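Here the structure comes first, spelled out in structure tokens, and everything after it is commentary.
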Amino acid sequence: MGAPHKTMMTWKNLQISLEQTGYVASDDLATALHIAITLARPLLLEGAAGVGKTEVARALAVIKDTELIRLQCYEGLDASQAIYEWNYQRQLLSIRAASEAGETGTAVENRIFSEDYLMERPLLKSIRQDKSPVLLIDEIDRADEEFEAYLLEVLSEFQITIPELGTITAITKPLVILTANGTRDLSDALRRRCIYAHIDYPDRQTELAILASRCPEVEVHLGQQIVGFVQKLRQEELEKVPGIAEMLDFAAALAGLGIKDLTSDPSVLQAALATLLKTQADRAAVPMEVAARIAGKAA
Amino acid sequence: MSKVTRFTGSDPGAVARISGFMAHLRAHGFHLGVSETELALRALSCVNPIVHSEARLALKSVCAGSVEDTAQFDMLFDSFWMAEGRVRHKVIPSKATPAGKGTKSTRTDNSRSTSGKGSIHEPEDSQDADESYAQGTGKLLASRAHNLMKKDLRELVSSEDIRIAERVAIRLGKALRDRRSRRRKVAQRGRSIDLRRTIRRSLATGGEPLHLAKSKRPKRPLKIVALCDVSGSMMNYARPFLAFLAGLMRADSASDAYLFHTRLVRITNALRDDDPMRALNRITLLADGFGGGSKIGANLQKFANGYARNFVDGRSVVIILSDGYDSDTPEILGNALAKLKRRGCKIIWLNPLKGWQGYEPVAKGMAAALPHLDAFAAAATLTDLAALERTLERL
């Protein structure tokens, strides 16, 4: 079962190296990621917005010292956007030039359907790299079901057929990370193919560690207040719950404003809230007094 | 202690034990095939399987496929490996009901006599043994202390009920279907050609329209989102409602279902199980605390802030099945409904007590809810639910 690896990497090691790049991963996530890498399976990450799903891929690319290829999904995403497309303009120019030079049909045809005229899109690009890249398929639940089915085929075979060129088989298999945040239910087939991990909002300790690794300039006392404040705020009735990125922005804003203590100046705190609360209703829901009260509790 | 189930120590090796565990998960509605068993074994080789927390994480990442699964997995894991599970016998009437059209029963006679070791052990010398054997459906239920107060949904609903409810649900579904938009939208395989887009695209190919952009009139069906109150006060009415939910989920792939008592549980995936009775079994597992107190306001609030964001939009009809007796303050309920309403959905409240003569919505919660409702109707039986067709057609 599983030939011994050159460098036997355990999930703990992976967790540590992730942390060195500034990504604090939970045990669940680190194990799932480790298994996905070792077994060369795609990893499906689910969780609320702003818990750092996309960031996992970025951190992984840094660890593996490889390229991150990203495919952002959206409704109506089709093969020409995701896999490949012929460069029509160049083909037409080439045909015109050929007809003026009096070239024959087949030679022209062979030329215009060669690699030079092929435009790689993320999926094709990811299987033609010399070093296996990290392929991030972001928000897969936004894409249509048709595309999901096609993706399934690519992910299991790691080969793409281009009618004019033939089948292109992967030189190296990419490490595939898919993210979803529940716009629609994904198909069972896709879920079954993937290793699954659910990412939640971090607990206090984890969030402190994230803050410490991302914004080392924030002092410990203020850091604890910030994390406590954001964690309390997440329990309030809000439309958009602040994620980790918002928390880091908030910390950076406070550090930039030269604040040493969250409770010292309510008006500055209120101004800095712009980094956490992004809708009118949420701003209205947390007026100055409420913010000051939460900050007081957090401290 | 014959009821306690665990993997047998005499199993020849990891393979048998894991396949036993996979069978255990499968019996609780996880969709796992042979390839997953293999994957699970390979996943275990990636970690140190001796440490049980690592083994748990590794198996979880392979076997669980959704948030609901993740929550259930830990319980099932404990019940199998930590020998805390119990075999419970099935309590439905013994009349063997053939599976309804389009359903395949995964429970055949062979399913229980899983050959090879590491299978789930059935009770052998307890007094329930006869019945359990006769049913052929001894099931392992992961449970701890809550087990005592937990009611088994299968006691409440028979598969006969589900089939009737399915017919009702199909009719209701039809009342909501067939609403095609007037607008046209780009589609891969549309009926008509989107001229503007085709010409725009043809510019890239020197005026040759190589790609024909198609468009179609998308279907805009209303979808049903049902929330069912299964708190203590609703116990007597839960039966038709649960059957209705089960039927609805089976009849209509776009609908969505939730249960609430003191907690809110999404049961859509569980109810879609091929085997209707097993589906109920899965819900029983999910709805820990069934028949307890009711926190309608808090649960609806949670729904409005959570699931509703993804699953409720202007084309949803939210059906709430509850008697409105809430242990929370009515303001919470009112706010939650107002918030839900702002998503543009229609809200229908079905109250079993409304059917009573001289019933006024005296419960304060109900009074707070009324201004936000599009319809407030009586529903205590399946017939009442069937009569809803008209109401839905008007929406």
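Each chain of the structure tokens is named A, B, ... in the order shown, its residues numbered from 1; ligands are numbered from 1 in display order.
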
| said: For the alpha helix (DSSP H) assignment from backbone DSSP, which residues of stretch 141-383 of chain B qualify? Please present them as an NGL selection string. | reply: :B and (153-156 or 159-176 or 195-202 or 235-251 or 268-271 or 276-286 or 296-305 or 307-311 or 330-341 or 364-369 or 382-383)

Using only C-alpha atoms, I'd like every residue of chain B that has an atom within 6 Å of chain A; please write them out as an mmCIF file with C-alpha atoms, in the first residue's frame.
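So out-v1.cif came out as:
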data_model
loop_
_atom_site.group_PDB
_atom_site.id
_atom_site.type_symbol
_atom_site.label_atom_id
_atom_site.label_comp_id
_atom_site.auth_asym_id
_atom_site.auth_seq_id
_atom_site.Cartn_x
_atom_site.Cartn_y
_atom_site.Cartn_z
ATOM 1 C CA ALA B 43 -6.231 7.088 3.187
ATOM 2 C CA LEU B 57 -9.901 12.355 10.499
ATOM 3 C CA SER B 61 -12.260 13.151 4.842
ATOM 4 C CA VAL B 62 -12.963 10.192 2.578
ATOM 5 C CA GLY B 65 -19.258 14.449 1.549
ATOM 6 C CA THR B 205 -13.787 35.414 -36.609
ATOM 7 C CA ASN B 310 -28.500 29.893 -0.279
#

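Neighbours of stretch 106-114 of chain A closer than or equal to 8 Å, with only C-alpha atoms counted and sequence neighbours fewer than 4 positions away skipped, come out as Trp86, Gln91, Ser94, Ile95, Ala98, Leu118, Glu164 and Leu165 of chain A.
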
| Polymer residues at most 9 Å from A:Thr21, only C-alpha atoms, same-chain spacing of 2 or more positions, as number ranges by chain | A: 16-19, 23-24, 59-60, 62-63, 213

Restricting the output to N, CA and C atoms, write the selected residues as a short mmCIF file (atom, residue, chain, number, x, y, z; two decimals), in the first residue's frame.
data_model
loop_
_atom_site.label_atom_id
_atom_site.label_comp_id
_atom_site.auth_asym_id
_atom_site.auth_seq_id
_atom_site.Cartn_x
_atom_site.Cartn_y
_atom_site.Cartn_z
N ILE A 16 2.62 22.06 9.70
CA ILE A 16 3.67 22.99 10.13
C ILE A 16 4.14 23.83 8.94
N SER A 17 4.34 23.16 7.79
CA SER A 17 4.82 23.97 6.66
C SER A 17 3.76 24.95 6.18
N LEU A 18 2.49 24.57 6.31
CA LEU A 18 1.43 25.52 5.98
C LEU A 18 1.52 26.73 6.90
N GLU A 19 1.79 26.44 8.16
CA GLU A 19 1.85 27.53 9.13
C GLU A 19 3.01 28.46 8.83
N TYR A 23 -0.43 30.14 6.82
CA TYR A 23 -1.78 29.59 6.82
C TYR A 23 -1.93 28.63 7.98
N VAL A 24 -2.84 28.94 8.90
CA VAL A 24 -3.04 28.08 10.06
C VAL A 24 -4.18 27.12 9.75
N ALA A 59 -1.46 28.81 -0.31
CA ALA A 59 -0.44 28.36 0.63
C ALA A 59 0.21 27.08 0.12
N LEU A 60 -0.60 26.20 -0.46
CA LEU A 60 -0.09 24.93 -0.95
C LEU A 60 0.89 25.16 -2.10
N VAL A 62 2.74 27.69 -2.51
CA VAL A 62 3.98 28.20 -1.95
C VAL A 62 4.82 27.06 -1.39
N ILE A 63 4.18 26.16 -0.64
CA ILE A 63 4.91 25.03 -0.06
C ILE A 63 5.56 24.18 -1.14
N SER A 213 0.55 35.45 12.72
CA SER A 213 1.43 35.14 11.59
C SER A 213 1.25 36.12 10.44
#

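Here atom CA of A:Ala149 stands at a distance of 17.4 Å from atom CA of A:Leu135.
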